[in-house]
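Some notes on the structure that comes next.
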Amino acid sequence: MHKKIYIPMLLFLLIAGTLLGISVQATDSELPTQTEEPTEPSSPLKETIVLEGKMINDELYLPVEALNRASELDIQWNQDLNAVVFSTGTEKIIVRQDYLASEPSTVQEIKNPDDLLVLVNKKHSLPADYVPPDLVDPAVPSIKSEGDPSRLLRSQAAEALEEMFAQAKEDGIELYAVSGYRSYQHQEAVFTRVAAARGEEKANLTVAYPGQSEHQTGLAMDVSSPQMNFGLSQSFGHTEEGRWIAKNAPDFGFIIRYQKDNTHITGYSYEPWHLRYVGKEAALAIAEADITLEEYLYDLEFYSKLEQ
Ligand SMILES: [Zn+2]
């Protein structure tokens, strides 16, 4: 179904455009849009269909589905959308790059660290001096003693965690907070220790480089249970508590940040204990679509450009 067929025409357009010094970038006004068409009740309305292509060696391969729809290939490259746009007469087809192709090749410094939807991963690093503005100690059972900074979360996340733990208790589920906020300096100490034992590359499979841990945002909390001896391991996902979390966390604005089979996107293996606060709307949308935060943010940016 996702067999890709290469369209040499796109490459031709890009090369021709470069050689002739003309831009093949389609501006919004050049694209056929619904509003430009005479709207008669009998004529079929134009529909916008978004498909995902695959970037291989800087060339976008279109999915077969796109080619099947094309009665006439009037392909344009839209630089702003990073997508190929064409029309079939009744539909506007947009083939965008897959998420992985859009990833930066170098580590970027995060510009919106206070944003509840901030993206922190191996490509997006927090400034060393970043400390969340509103850290509080959530009133939930914790394995850490009072005064330990790793009990802390940002206020909105803390409130949501309290609500979630209260609901869990009502459902007969016993949860404990294990580790929340982690300063840059703390991450540095942990990484140095693990890297000395295992080597940097192996260490980075489970431990973040300083500045690349979500725990520095104050929006992430690791949770466990007495049954797990308060430990953090993948078997937590099979326990009653782990299953309760997977099912209910989005209702409180949390996602399980590192799901199974998403290591190629998130950079981390499955962590059923690592909760990330993103707010209810995003958490429910991410759970519903069964996608990662990376893909959710990519979609959000893409569709907001599409609406402009
Ligand atoms: Zn964690």
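Residue numbers start at 1 in each chain; chains themselves are named A, B, ... in the order of the structure tokens; ligands are numbered from 1 in the order shown.
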_How would you report the residues lying within 8 Å of ligand 1, as a list of chain:residue names, if you count only C-alpha atoms and all ligand atoms?_
A:Ser179, A:Gly180, A:Ser213, A:Glu214, A:His215, A:Ala220, A:Met221, A:Asp222, A:Glu271, A:Trp273, A:His274, A:Leu275
Written file, previous selection with C-alpha atoms, as a CSV table (one decimal), in the first residue's frame:
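File written: result.csv
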chain,number,residue,atom,x,y,z
A,179,SER,CA,11.0,11.1,39.9
A,180,GLY,CA,9.9,14.5,38.5
A,213,SER,CA,15.8,15.1,29.5
A,214,GLU,CA,12.1,16.0,29.6
A,215,HIS,CA,12.4,15.9,33.4
A,220,ALA,CA,7.5,14.8,33.4
A,221,MET,CA,7.0,12.3,36.2
A,222,ASP,CA,8.0,8.7,36.5
A,271,GLU,CA,8.9,3.5,29.1
A,273,TRP,CA,6.3,4.7,33.7
A,274,HIS,CA,7.3,8.0,32.1
A,275,LEU,CA,4.4,10.4,32.0
Residues of range 99-138 of chain A that approach range 56-67 of chain A to 12 Å or less, counting only C-alpha atoms: could you list each one with the shortest pair of atoms and its distance in Å to one decimal, rows by chain and increasing residue number, as a tab-separated table?
residue	atom	partner	partner_atom	distance
A:Leu100	CA	A:Ile56	CA	10.8
A:Ala101	CA	A:Ile56	CA	8.4
A:Ser102	CA	A:Asp58	CA	10.9
*What are the DSSP strand (DSSP E) residues of range 53-296 of chain A, as number ranges by chain?*
A: 54-56, 59-63, 76-78, 83-87, 91-96, 108-109, 124-125, 135-136, 153-154, 176-179, 220-224, 254-258, 271-277
Residue subset to file, keeping C-alpha atoms, as a compact mmCIF listing (two decimals), in the first residue's frame:
# COMPACT_ATOMS: atom_id res chain seq x y z
CA LYS A 54 8.89 9.53 1.79
CA MET A 55 12.13 11.44 1.47
CA ILE A 56 14.98 9.32 0.15
CA GLU A 59 13.84 13.28 -3.23
CA LEU A 60 10.21 12.98 -2.32
CA TYR A 61 8.60 9.72 -3.37
CA LEU A 62 4.86 9.85 -3.80
CA PRO A 63 2.63 7.09 -2.44
CA GLN A 76 4.06 22.04 -7.77
CA TRP A 77 6.51 22.15 -4.92
CA ASN A 78 5.36 24.23 -1.97
CA ALA A 83 5.07 19.33 0.20
CA VAL A 84 4.08 18.52 -3.35
CA VAL A 85 0.74 19.96 -4.36
CA PHE A 86 -1.42 19.03 -7.32
CA SER A 87 -5.03 18.89 -8.36
CA GLU A 91 -9.46 17.14 -5.24
CA LYS A 92 -6.42 19.06 -4.11
CA ILE A 93 -3.74 16.52 -3.24
CA ILE A 94 -0.92 17.43 -0.89
CA VAL A 95 1.93 14.98 -0.40
CA ARG A 96 4.06 16.08 2.50
CA GLN A 108 18.74 22.71 18.20
CA GLU A 109 18.42 24.83 21.30
CA HIS A 124 16.02 19.59 20.84
CA SER A 125 18.02 20.60 23.88
CA LEU A 135 7.75 24.26 40.39
CA VAL A 136 5.60 22.91 43.23
CA LEU A 153 6.49 19.45 38.94
CA ARG A 154 5.22 22.62 37.31
CA TYR A 176 3.60 6.39 43.68
CA ALA A 177 5.53 9.30 42.22
CA VAL A 178 9.16 8.30 41.71
CA SER A 179 10.95 11.10 39.92
CA ALA A 220 7.49 14.76 33.37
CA MET A 221 6.95 12.31 36.21
CA ASP A 222 8.02 8.69 36.52
CA VAL A 223 5.47 6.63 38.41
CA SER A 224 5.51 3.15 39.88
CA PHE A 254 -0.66 13.09 30.47
CA ILE A 255 0.76 10.87 27.76
CA ILE A 256 3.03 7.85 27.98
CA ARG A 257 5.81 9.63 26.18
CA TYR A 258 7.85 6.64 25.00
CA GLU A 271 8.91 3.50 29.15
CA PRO A 272 5.44 2.75 30.50
CA TRP A 273 6.30 4.68 33.68
CA HIS A 274 7.32 8.01 32.13
CA LEU A 275 4.41 10.42 32.02
CA ARG A 276 4.59 13.76 30.27
CA TYR A 277 2.06 16.52 30.85
